Amino acid sequence: MSGDRSAFNMTSDMVGGPPHIAPLRKMALSGVDAPSLALSRAAAVCNVDIVRARLDDGGRGLAGAMLLWHEWAAGDDAAQLSHVAQRVRDDALPIILSVPLTAIDDAVALFDDDRTILVSNPDAAQCAAVISAKLREVGGTVHTREGEAQDAQITLLQEEVGRISRMLARLTGDGALTPPPPSPFIEGQMRSPARDWTAGAQHSPAPVAPHQIRQIIRERRLRDEYFVGELFADPAWDMLLDLYAARLEHMRVSVSSLCIAAAVPATTALRWIRTMTEAGILERTEDPHDGRRIHVALSAHSAAAMHQYFARVAAEQRL
């Protein structure tokens with residue numbers, strides 16, 4: 001995209017409809033020579049001009065930019081990412097950080113602030129969603145129909161997390177348990193790998209064994225071999241099951257591993273993890289042996305709710 005474009009763009013929501021004038025926003029791109037096709041399409045939808053910025057020579061391209069998009073390149077290492085993190089902190093830059101799944105844990109440990117949104121191999125729609133969200137934070141707006149649709153998806157996510165929070169509250173409260181409405185989310189799929197982390201002991205007895213939880217997870221993934229995966233996608237429940245099993249097994253769960261366990265694209269999983277953490281459903285913990293590593297666990301309230309849920313299931317099966 002050319003930097004010589006006008007400071008204002010004429011846009012229209014529909015063919016033949018009346019155009020309106022929206023201010024052209026600027027986003028600095030670093031880490032790569034040119035934006036990806038997905039990012040270019042998202043920038044066009046969100047009416048954002050992408051300019052190249054180098055963070056190691058003063059970042060002259062950052063002048064006037066509303067936010068920074070940094071691409072983690074294949075040859076980058078943790079030291080280079082640390083340099084970007086320090087620059088972001090020093091200049092208080094709002095940033096969208098695009099990293100491969102293998103670099104998510106390093107990114108989470110280094111960029112532990114509200115100014116950062118993490119994405120991993122995002123498509124055009126996901127790029128538009130995070131750009132839209134960041135522009136709202138820094139005072140911009142998105143005037144296109146596509147941008148409004150992405151805003152609606154984020155709002156739906158927040159409402160779904162609120163529904164889960166209320167469900168957990170009912171499970172651990174004294175009131176009668178009423179079934180929540182079904183989840184409206186239909187997403188893609190990924191698979192969870194084996195892990196070898198260890199954690200503190202589980203003090204309270206559980207109504208279910210870890211291998212039983214793992215069997216439920218295997219059965220959920222088995223459906224994907226016979227039906228379209230998007231038909232059954234439920235990332236919040238997949239993450240709760242995975243974290244509860246890990247708690248019973250005295251294992252720690254990294255952010256990247258939880259992204260895979262969510263059985264949805266990594267960018268979607270990161271958005272779920274962030275929103276569920278902000279809602280108090282999940283919590284972040286530091287590795288006691290390596291302060292640079294961040295793990296994710298059920299909050300005490302969520303762990304108690306999972307305990308009550310499986311106790312209720314066991315009681316129902318005995319009837």
# chains A, B, ... in the order shown; residues from 1 in each chain; ligands from 1
call {"tool": "residues_around", "arguments": {"residues": "Leu270 (chain A)", "least_positions_apart": "4", "cutoff": "9 Å", "atoms": "only C-alpha atoms", "output": "PyMOL selection string"}}
result
chain A and resi 117-120+255-256+258-259+265-266+274-275
call {"tool": "write_last_selection", "arguments": {"atoms": "C-alpha atoms", "output": "compact mmCIF listing (two decimals), in the first residue's frame"}}
result
# COMPACT_ATOMS: atom_id res chain seq x y z
CA ILE A 117 -2.57 -8.83 21.23
CA LEU A 118 -1.07 -12.14 20.12
CA VAL A 119 -2.03 -13.90 16.89
CA SER A 120 -0.65 -17.00 15.21
CA VAL A 255 0.03 -21.48 26.57
CA SER A 256 1.02 -23.11 23.28
CA LEU A 258 -3.45 -25.15 25.60
CA CYS A 259 -3.89 -23.52 22.19
CA PRO A 265 -6.98 -22.16 15.18
CA ALA A 266 -4.23 -20.75 17.41
CA ARG A 274 -7.08 -14.01 27.14
CA THR A 275 -10.80 -13.42 27.61
call {"tool": "closest_residue", "arguments": {"among": "A:Val253, A:Ser299, A:Met276, A:Val208", "to": "Ala314 (chain A)", "atoms": "only C-alpha atoms"}}
result
A:Val208
call {"tool": "atom_distance", "arguments": {"atom1": "CA of Arg220 (chain A)", "atom2": "CA of Pro205 (chain A)"}}
result
25.1 Å
call {"tool": "atom_distance", "arguments": {"atom1": "CA of Ala79 (chain A)", "atom2": "CA of Leu55 (chain A)"}}
result
13.7 Å
call {"tool": "closest_residue", "arguments": {"among": "A:Lys26, A:Arg218, A:Trp69, A:Asp105", "to": "Arg292 (chain A)", "atoms": "only C-alpha atoms"}}
result
A:Asp105
call {"tool": "select_by_dssp", "arguments": {"residues": "region 193-311 of chain A", "states": "strand (DSSP E or B)", "output": "tab-separated table (two decimals) with N, CA and C atoms, in the first residue's frame"}}
result
chain	number	residue	atom	x	y	z
A	253	VAL	N	0.66	-26.68	32.24
A	253	VAL	CA	0.22	-26.55	30.85
A	253	VAL	C	0.72	-25.22	30.29
A	254	SER	N	1.47	-25.27	29.22
A	254	SER	CA	1.95	-24.05	28.59
A	254	SER	C	0.84	-23.43	27.74
A	282	LEU	N	-9.61	-18.73	34.08
A	282	LEU	CA	-8.25	-19.27	34.03
A	282	LEU	C	-7.31	-18.30	34.75
A	283	GLU	N	-6.12	-18.78	35.09
A	283	GLU	CA	-5.11	-17.92	35.69
A	283	GLU	C	-3.74	-18.26	35.12
A	284	ARG	N	-2.91	-17.25	35.04
A	284	ARG	CA	-1.53	-17.42	34.57
A	284	ARG	C	-0.62	-17.64	35.77
A	285	THR	N	0.32	-18.56	35.64
A	285	THR	CA	1.28	-18.83	36.70
A	285	THR	C	2.69	-18.86	36.12
A	286	GLU	N	3.65	-18.40	36.89
A	286	GLU	CA	5.05	-18.44	36.46
A	286	GLU	C	5.65	-19.79	36.81
A	287	ASP	N	6.53	-20.26	35.95
A	287	ASP	CA	7.27	-21.49	36.22
A	287	ASP	C	8.23	-21.23	37.38
A	290	ASP	N	11.77	-21.33	36.11
A	290	ASP	CA	12.15	-20.44	35.01
A	290	ASP	C	11.12	-19.31	34.95
A	291	GLY	N	11.47	-18.17	35.50
A	291	GLY	CA	10.54	-17.04	35.56
A	291	GLY	C	10.14	-16.51	34.21
A	292	ARG	N	10.85	-16.91	33.16
A	292	ARG	CA	10.50	-16.45	31.81
A	292	ARG	C	9.37	-17.27	31.19
A	293	ARG	N	8.99	-18.36	31.83
A	293	ARG	CA	7.95	-19.23	31.28
A	293	ARG	C	6.63	-18.98	31.99
A	294	ILE	N	5.56	-18.95	31.23
A	294	ILE	CA	4.22	-18.72	31.75
A	294	ILE	C	3.36	-19.97	31.48
A	295	HIS	N	2.65	-20.39	32.50
A	295	HIS	CA	1.73	-21.51	32.36
A	295	HIS	C	0.30	-21.03	32.62
A	296	VAL	N	-0.65	-21.85	32.21
A	296	VAL	CA	-2.06	-21.54	32.41
A	296	VAL	C	-2.68	-22.65	33.25
A	297	ALA	N	-3.56	-22.26	34.18
A	297	ALA	CA	-4.23	-23.24	35.03
A	297	ALA	C	-5.66	-22.79	35.28
A	298	LEU	N	-6.49	-23.71	35.78
A	298	LEU	CA	-7.82	-23.35	36.23
A	298	LEU	C	-7.69	-22.47	37.47
call {"tool": "atom_distance", "arguments": {"atom1": "CA of Ala124 (chain A)", "atom2": "CA of Leu39 (chain A)"}}
result
6.0 Å
call {"tool": "residues_around", "arguments": {"residues": "region 112-116 of chain A", "least_positions_apart": "3", "cutoff": "7 Å", "atoms": "only C-alpha atoms", "output": "list in words"}}
result
Pro94, Ile95, Ile96, Leu97, Val108 and Ala109 of chain A
call {"tool": "write_last_selection", "arguments": {"atoms": "C-alpha atoms", "output": "PDB file, in the first residue's frame"}}
result
ATOM      1  CA  PRO A  94       0.062  -0.701  21.219  1.00  0.00           C
ATOM      2  CA  ILE A  95       1.163  -3.829  19.347  1.00  0.00           C
ATOM      3  CA  ILE A  96      -0.251  -6.825  17.513  1.00  0.00           C
ATOM      4  CA  LEU A  97       2.362  -9.581  17.603  1.00  0.00           C
ATOM      5  CA  VAL A 108       3.487 -14.590  26.308  1.00  0.00           C
ATOM      6  CA  ALA A 109       6.356 -14.382  28.806  1.00  0.00           C
TER       7      ALA A 109
END
call {"tool": "closest_residue", "arguments": {"among": "A:Glu71, A:Asp76, A:Asp56, A:Asp234", "to": "Pro35 (chain A)", "atoms": "only C-alpha atoms"}}
result
A:Glu71
